Amino acid sequence: MTTGAGIFERALGADFARLHPQLQRRFGVGVDAGYGCVGRGVMTEVRRGPWWTLPFLLIGTFRNILFPERGRDVPFRIDNHAYVDDFGRETVTFVRTMDVRPGRRRRFDATMIYSEARRRVVDYLGTHQHLAVDLDLAVTDDGGLLLTSGAQRFYEGRAAFRFPMVFSGRARLIERYDDEQECYLIDLEIHNDVFGFLFGYRGAFTCEFVDGPAPETVKPYREEARE
C-alpha cells in the first residue's frame, strides 16, 4: 500500500520540508516517486570497538548486519530502492557495500517500512529480517537528518521477543548535504549500553537517481510480517 508520500515523509510529517532539498530528494525514494538512489563514495574511516567486540561483530557477518574490519578510505556503495513487499508494505532498501580490503567485500543490509501501528519507520536488519528496530527521526538545524535507533524485536518462526539491549547496540546516524563539496556526508556510531562503542563509519558520497524496479540482489531472502 502506498500513499503518495514516501516512508520518511510520512514519519517526519511537516518537518520533511525542513530537510535540505538534496536530502528531500534522496529520502523521497518511494514506489510512487518512481525512482531509486545509488550512492557511491569513500568512507574516510571505518572503526570498531576493542578486541572483545570482535565476536559480536563476526556474528553479524552471517546476516549482513555488522562486520569486524576497520580501515581508511574504504570505497563503498549504498543502494536505496523502493518496492512493495509480499505483505503489501512499501519498503525501501538500505544496502551498504564496502570493499574493506582487496578481495574482501562486506555488506550491511537493511530494509525499512513505515509502520502505521507504531507511527514510525521500522528498520529490518540483515538478509532475513530477523531483527526489527524502531527508528526515531529528526531534522537538524542545518537541514540534515538525525536517525537514532530504539527498541529492537527478534522474530524467527514462532519466536518473538524484545531483544535485550545488553546484547545489541544503539545507532546514531547523521546525514547531511555539503553545498560546497556537492556531496552527501554520513556519520554513524553504534554503542552498547554496557560496553560502549562497538562500530562506526564516516564518509562522503554522491548519488545517481535511477528509474526502474528494485533489483532482486538488494532484497532480503526472507520477509517478516511482524513489526
# chains A, B, ... in the order shown; residues from 1 in each chain; ligands from 1
call {"tool": "residues_around", "arguments": {"residues": "stretch 128-133 of chain A", "least_positions_apart": "4", "cutoff": "8 Å", "atoms": "only C-alpha atoms", "output": "list in words"}}
result
Arg63, Thr111, Val122, Asp123, Tyr124, Ser149, Gly150, Ala151, Gln152, Arg153, Phe154, Tyr155, Glu156, Pro220, Tyr221, Arg222, Glu223, Glu224 and Glu227 of chain A
call {"tool": "residues_around", "arguments": {"residues": "stretch 56-62 of chain A", "least_positions_apart": "4", "cutoff": "10 Å", "atoms": "only C-alpha atoms", "output": "NGL selection string"}}
result
:A and (48-49 or 52 or 66-69 or 106-108 or 125-127 or 167-168 or 198-199)
call {"tool": "closest_atom_pairs", "arguments": {"of": "stretch 78-125 of chain A", "to": "stretch 4-13 of chain A", "cutoff": "9 Å", "atoms": "only C-alpha atoms", "output": "CSV"}}
result
residue,atom,partner,partner_atom,distance
A:Glu90,CA,A:Ile7,CA,7.6
A:Thr91,CA,A:Ile7,CA,8.0
A:Val92,CA,A:Ile7,CA,8.0
A:Met112,CA,A:Ile7,CA,8.1
A:Ile113,CA,A:Ile7,CA,6.4
A:Tyr114,CA,A:Ile7,CA,5.2
A:Ser115,CA,A:Ile7,CA,8.9
A:Arg119,CA,A:Ala11,CA,7.0
A:Arg120,CA,A:Ala11,CA,5.4
A:Val121,CA,A:Ala11,CA,6.4
call {"tool": "write_last_selection", "arguments": {"atoms": "C-alpha atoms", "output": "PDB file, in the first residue's frame"}}
result
ATOM      1  CA  GLU A  90       6.064  -0.082   0.794  1.00  0.00           C
ATOM      2  CA  THR A  91       9.684  -0.981   1.526  1.00  0.00           C
ATOM      3  CA  VAL A  92      12.920   0.915   0.920  1.00  0.00           C
ATOM      4  CA  MET A 112      12.683  -0.100   6.043  1.00  0.00           C
ATOM      5  CA  ILE A 113       8.928   0.324   6.194  1.00  0.00           C
ATOM      6  CA  TYR A 114       6.578   2.859   7.746  1.00  0.00           C
ATOM      7  CA  SER A 115       4.564   1.150  10.475  1.00  0.00           C
ATOM      8  CA  ARG A 119       3.727   5.508  13.815  1.00  0.00           C
ATOM      9  CA  ARG A 120       7.380   5.369  12.855  1.00  0.00           C
ATOM     10  CA  VAL A 121       9.866   3.816  10.488  1.00  0.00           C
TER      11      VAL A 121
END
call {"tool": "residues_around", "arguments": {"residues": "stretch 200-202 of chain A", "least_positions_apart": "5", "cutoff": "9 Å", "atoms": "only C-alpha atoms", "output": "ChimeraX atom specification"}}
result
/A:42-49,70,171,185-191
call {"tool": "write_last_selection", "arguments": {"atoms": "N, CA, C and O atoms", "output": "mmCIF file, in the first residue's frame"}}
result
data_model
loop_
_atom_site.group_PDB
_atom_site.id
_atom_site.type_symbol
_atom_site.label_atom_id
_atom_site.label_comp_id
_atom_site.auth_asym_id
_atom_site.auth_seq_id
_atom_site.Cartn_x
_atom_site.Cartn_y
_atom_site.Cartn_z
ATOM 1 N N VAL A 42 33.423 7.220 -0.595
ATOM 2 C CA VAL A 42 34.512 6.672 0.208
ATOM 3 C C VAL A 42 34.219 6.923 1.681
ATOM 4 O O VAL A 42 33.867 8.045 2.069
ATOM 5 N N MET A 43 34.357 5.871 2.473
ATOM 6 C CA MET A 43 34.336 6.017 3.918
ATOM 7 C C MET A 43 35.742 6.410 4.354
ATOM 8 O O MET A 43 36.687 5.628 4.219
ATOM 9 N N THR A 44 35.889 7.622 4.838
ATOM 10 C CA THR A 44 37.216 8.049 5.259
ATOM 11 C C THR A 44 37.703 7.241 6.448
ATOM 12 O O THR A 44 38.915 7.082 6.648
ATOM 13 N N GLU A 45 36.770 6.702 7.230
ATOM 14 C CA GLU A 45 37.156 5.889 8.382
ATOM 15 C C GLU A 45 36.061 4.882 8.705
ATOM 16 O O GLU A 45 34.883 5.230 8.771
ATOM 17 N N VAL A 46 36.454 3.632 8.855
ATOM 18 C CA VAL A 46 35.581 2.576 9.367
ATOM 19 C C VAL A 46 36.209 2.085 10.667
ATOM 20 O O VAL A 46 37.372 1.664 10.683
ATOM 21 N N ARG A 47 35.468 2.162 11.770
ATOM 22 C CA ARG A 47 36.037 1.874 13.086
ATOM 23 C C ARG A 47 35.271 0.740 13.759
ATOM 24 O O ARG A 47 34.134 0.435 13.415
ATOM 25 N N ARG A 48 35.892 0.135 14.737
ATOM 26 C CA ARG A 48 35.215 -0.810 15.609
ATOM 27 C C ARG A 48 35.750 -0.650 17.021
ATOM 28 O O ARG A 48 36.775 0.016 17.255
ATOM 29 N N GLY A 49 35.065 -1.288 17.972
ATOM 30 C CA GLY A 49 35.466 -1.220 19.364
ATOM 31 C C GLY A 49 36.669 -2.094 19.668
ATOM 32 O O GLY A 49 37.304 -2.650 18.764
ATOM 33 N N ARG A 70 38.164 -2.870 9.918
ATOM 34 C CA ARG A 70 38.257 -1.425 10.027
ATOM 35 C C ARG A 70 39.239 -0.930 8.970
ATOM 36 O O ARG A 70 40.021 -1.709 8.417
ATOM 37 N N ALA A 171 22.129 2.772 17.509
ATOM 38 C CA ALA A 171 22.767 3.509 16.418
ATOM 39 C C ALA A 171 22.374 4.980 16.457
ATOM 40 O O ALA A 171 21.236 5.340 16.784
ATOM 41 N N LEU A 185 27.266 13.783 3.245
ATOM 42 C CA LEU A 185 28.171 13.387 4.314
ATOM 43 C C LEU A 185 27.404 12.505 5.290
ATOM 44 O O LEU A 185 26.244 12.792 5.634
ATOM 45 N N ILE A 186 28.044 11.441 5.747
ATOM 46 C CA ILE A 186 27.377 10.485 6.624
ATOM 47 C C ILE A 186 28.301 10.145 7.789
ATOM 48 O O ILE A 186 29.518 10.051 7.630
ATOM 49 N N ASP A 187 27.694 9.994 8.975
ATOM 50 C CA ASP A 187 28.464 9.665 10.182
ATOM 51 C C ASP A 187 27.597 8.757 11.057
ATOM 52 O O ASP A 187 26.514 9.162 11.489
ATOM 53 N N LEU A 188 28.067 7.531 11.286
ATOM 54 C CA LEU A 188 27.322 6.537 12.064
ATOM 55 C C LEU A 188 28.170 6.066 13.229
ATOM 56 O O LEU A 188 29.365 5.790 13.076
ATOM 57 N N GLU A 189 27.535 5.939 14.412
ATOM 58 C CA GLU A 189 28.162 5.302 15.560
ATOM 59 C C GLU A 189 27.154 4.372 16.211
ATOM 60 O O GLU A 189 25.965 4.713 16.323
ATOM 61 N N ILE A 190 27.630 3.192 16.626
ATOM 62 C CA ILE A 190 26.801 2.225 17.329
ATOM 63 C C ILE A 190 27.439 1.951 18.686
ATOM 64 O O ILE A 190 28.624 1.607 18.764
ATOM 65 N N HIS A 191 26.658 2.125 19.746
ATOM 66 C CA HIS A 191 27.142 1.929 21.111
ATOM 67 C C HIS A 191 26.287 0.887 21.828
ATOM 68 O O HIS A 191 25.076 0.812 21.620
#
call {"tool": "select_by_dssp", "arguments": {"residues": "stretch 122-218 of chain A", "states": "strand (DSSP E or B)", "output": "ChimeraX atom specification"}}
result
/A:122-125,131-139,145-156,159-162,170-178,183-192,196-210
call {"tool": "residues_around", "arguments": {"residues": "stretch 94-101 of chain A", "least_positions_apart": "4", "cutoff": "7 Å", "atoms": "only C-alpha atoms", "output": "ChimeraX atom specification"}}
result
/A:69,71,74-80,105-111,218
call {"tool": "write_last_selection", "arguments": {"atoms": "all heavy atoms", "output": "short mmCIF file (atom, residue, chain, number, x, y, z; two decimals), in the first residue's frame"}}
result
data_model
loop_
_atom_site.label_atom_id
_atom_site.label_comp_id
_atom_site.auth_asym_id
_atom_site.auth_seq_id
_atom_site.Cartn_x
_atom_site.Cartn_y
_atom_site.Cartn_z
N GLU A 69 35.92 -5.67 10.25
CA GLU A 69 37.04 -4.96 9.65
C GLU A 69 36.99 -3.46 9.97
O GLU A 69 35.94 -2.89 10.22
CB GLU A 69 37.04 -5.15 8.13
CG GLU A 69 37.48 -6.53 7.67
CD GLU A 69 36.35 -7.54 7.68
OE1 GLU A 69 35.21 -7.16 7.99
OE2 GLU A 69 36.63 -8.71 7.38
N GLY A 71 39.20 0.36 8.67
CA GLY A 71 40.10 0.85 7.65
C GLY A 71 39.86 2.32 7.35
O GLY A 71 38.97 2.96 7.94
N VAL A 74 37.81 3.71 2.49
CA VAL A 74 37.18 2.46 2.05
C VAL A 74 36.12 2.78 1.00
O VAL A 74 35.15 3.49 1.29
CB VAL A 74 36.53 1.73 3.25
CG1 VAL A 74 35.79 0.49 2.78
CG2 VAL A 74 37.60 1.37 4.28
N PRO A 75 36.24 2.28 -0.23
CA PRO A 75 35.21 2.51 -1.24
C PRO A 75 33.89 1.86 -0.82
O PRO A 75 33.87 0.76 -0.26
CB PRO A 75 35.77 1.83 -2.49
CG PRO A 75 37.24 1.70 -2.25
CD PRO A 75 37.38 1.51 -0.77
N PHE A 76 32.80 2.55 -1.07
CA PHE A 76 31.50 1.97 -0.71
C PHE A 76 30.42 2.41 -1.68
O PHE A 76 30.57 3.36 -2.45
CB PHE A 76 31.13 2.33 0.72
CG PHE A 76 30.46 3.68 0.87
CD1 PHE A 76 29.09 3.79 0.98
CD2 PHE A 76 31.22 4.84 0.91
CE1 PHE A 76 28.48 5.03 1.12
CE2 PHE A 76 30.62 6.08 1.04
CZ PHE A 76 29.24 6.18 1.15
N ARG A 77 29.32 1.68 -1.58
CA ARG A 77 28.13 1.96 -2.39
C ARG A 77 26.91 1.75 -1.50
O ARG A 77 26.90 0.85 -0.65
CB ARG A 77 28.08 1.01 -3.60
CG ARG A 77 26.76 0.99 -4.35
CD ARG A 77 26.86 0.09 -5.55
NE ARG A 77 25.54 -0.11 -6.17
CZ ARG A 77 25.34 -0.29 -7.46
NH1 ARG A 77 26.37 -0.34 -8.29
NH2 ARG A 77 24.12 -0.48 -7.94
N ILE A 78 25.89 2.58 -1.68
CA ILE A 78 24.63 2.38 -0.97
C ILE A 78 23.50 2.36 -1.98
O ILE A 78 23.43 3.23 -2.86
CB ILE A 78 24.40 3.46 0.12
CG1 ILE A 78 23.09 3.21 0.85
CG2 ILE A 78 24.47 4.87 -0.45
CD1 ILE A 78 22.91 3.99 2.12
N ASP A 79 22.64 1.34 -1.87
CA ASP A 79 21.51 1.16 -2.78
C ASP A 79 20.21 1.39 -2.04
O ASP A 79 19.88 0.67 -1.09
CB ASP A 79 21.52 -0.25 -3.35
CG ASP A 79 22.51 -0.42 -4.49
OD1 ASP A 79 23.71 -0.69 -4.21
OD2 ASP A 79 22.10 -0.27 -5.64
N ASN A 80 19.47 2.40 -2.48
CA ASN A 80 18.13 2.70 -1.96
C ASN A 80 17.12 2.53 -3.08
O ASN A 80 17.14 3.29 -4.05
CB ASN A 80 18.05 4.12 -1.42
CG ASN A 80 19.07 4.41 -0.34
OD1 ASN A 80 19.96 5.24 -0.52
ND2 ASN A 80 18.98 3.72 0.77
N ARG A 105 34.85 -8.05 0.51
CA ARG A 105 33.71 -7.14 0.39
C ARG A 105 32.70 -7.49 1.47
O ARG A 105 32.36 -8.64 1.67
CB ARG A 105 33.09 -7.26 -1.00
CG ARG A 105 31.88 -6.39 -1.24
CD ARG A 105 31.48 -6.41 -2.71
NE ARG A 105 32.45 -5.69 -3.52
CZ ARG A 105 32.43 -5.66 -4.84
NH1 ARG A 105 31.50 -6.32 -5.50
NH2 ARG A 105 33.35 -4.98 -5.50
N ARG A 106 32.21 -6.46 2.16
CA ARG A 106 31.20 -6.66 3.21
C ARG A 106 29.93 -5.89 2.85
O ARG A 106 29.98 -4.83 2.22
CB ARG A 106 31.72 -6.17 4.55
CG ARG A 106 32.89 -6.94 5.12
CD ARG A 106 32.52 -8.36 5.48
NE ARG A 106 33.54 -8.99 6.33
CZ ARG A 106 33.55 -10.26 6.66
NH1 ARG A 106 32.59 -11.07 6.21
NH2 ARG A 106 34.50 -10.75 7.44
N ARG A 107 28.78 -6.46 3.30
CA ARG A 107 27.50 -5.77 3.11
C ARG A 107 26.83 -5.53 4.46
O ARG A 107 26.96 -6.33 5.38
CB ARG A 107 26.57 -6.60 2.22
CG ARG A 107 26.77 -6.31 0.76
CD ARG A 107 25.88 -7.09 -0.16
NE ARG A 107 24.47 -7.10 0.17
CZ ARG A 107 23.49 -7.27 -0.72
NH1 ARG A 107 23.81 -7.41 -2.00
NH2 ARG A 107 22.24 -7.31 -0.36
N PHE A 108 26.13 -4.43 4.52
CA PHE A 108 25.36 -4.04 5.70
C PHE A 108 23.94 -3.81 5.17
O PHE A 108 23.66 -2.77 4.59
CB PHE A 108 25.97 -2.79 6.31
CG PHE A 108 25.40 -2.36 7.62
CD1 PHE A 108 25.94 -1.26 8.28
CD2 PHE A 108 24.34 -3.01 8.22
CE1 PHE A 108 25.42 -0.83 9.49
CE2 PHE A 108 23.83 -2.59 9.43
CZ PHE A 108 24.37 -1.50 10.05
N ASP A 109 23.05 -4.80 5.33
CA ASP A 109 21.73 -4.78 4.71
C ASP A 109 20.66 -4.29 5.69
O ASP A 109 20.66 -4.66 6.87
CB ASP A 109 21.33 -6.18 4.23
CG ASP A 109 22.13 -6.65 3.03
OD1 ASP A 109 23.17 -6.04 2.75
OD2 ASP A 109 21.69 -7.61 2.38
N ALA A 110 19.74 -3.50 5.16
CA ALA A 110 18.56 -3.10 5.92
C ALA A 110 17.43 -2.83 4.94
O ALA A 110 17.66 -2.39 3.81
CB ALA A 110 18.85 -1.86 6.76
N THR A 111 16.21 -3.11 5.39
CA THR A 111 15.01 -2.75 4.63
C THR A 111 14.06 -2.05 5.60
O THR A 111 13.87 -2.50 6.73
CB THR A 111 14.33 -3.98 4.01
OG1 THR A 111 14.37 -5.08 4.93
CG2 THR A 111 15.02 -4.40 2.74
N VAL A 218 19.19 -6.68 -3.93
CA VAL A 218 19.19 -5.87 -2.71
C VAL A 218 17.99 -6.19 -1.81
O VAL A 218 17.85 -5.58 -0.75
CB VAL A 218 19.23 -4.36 -3.04
CG1 VAL A 218 20.49 -4.02 -3.81
CG2 VAL A 218 17.98 -3.92 -3.80
#
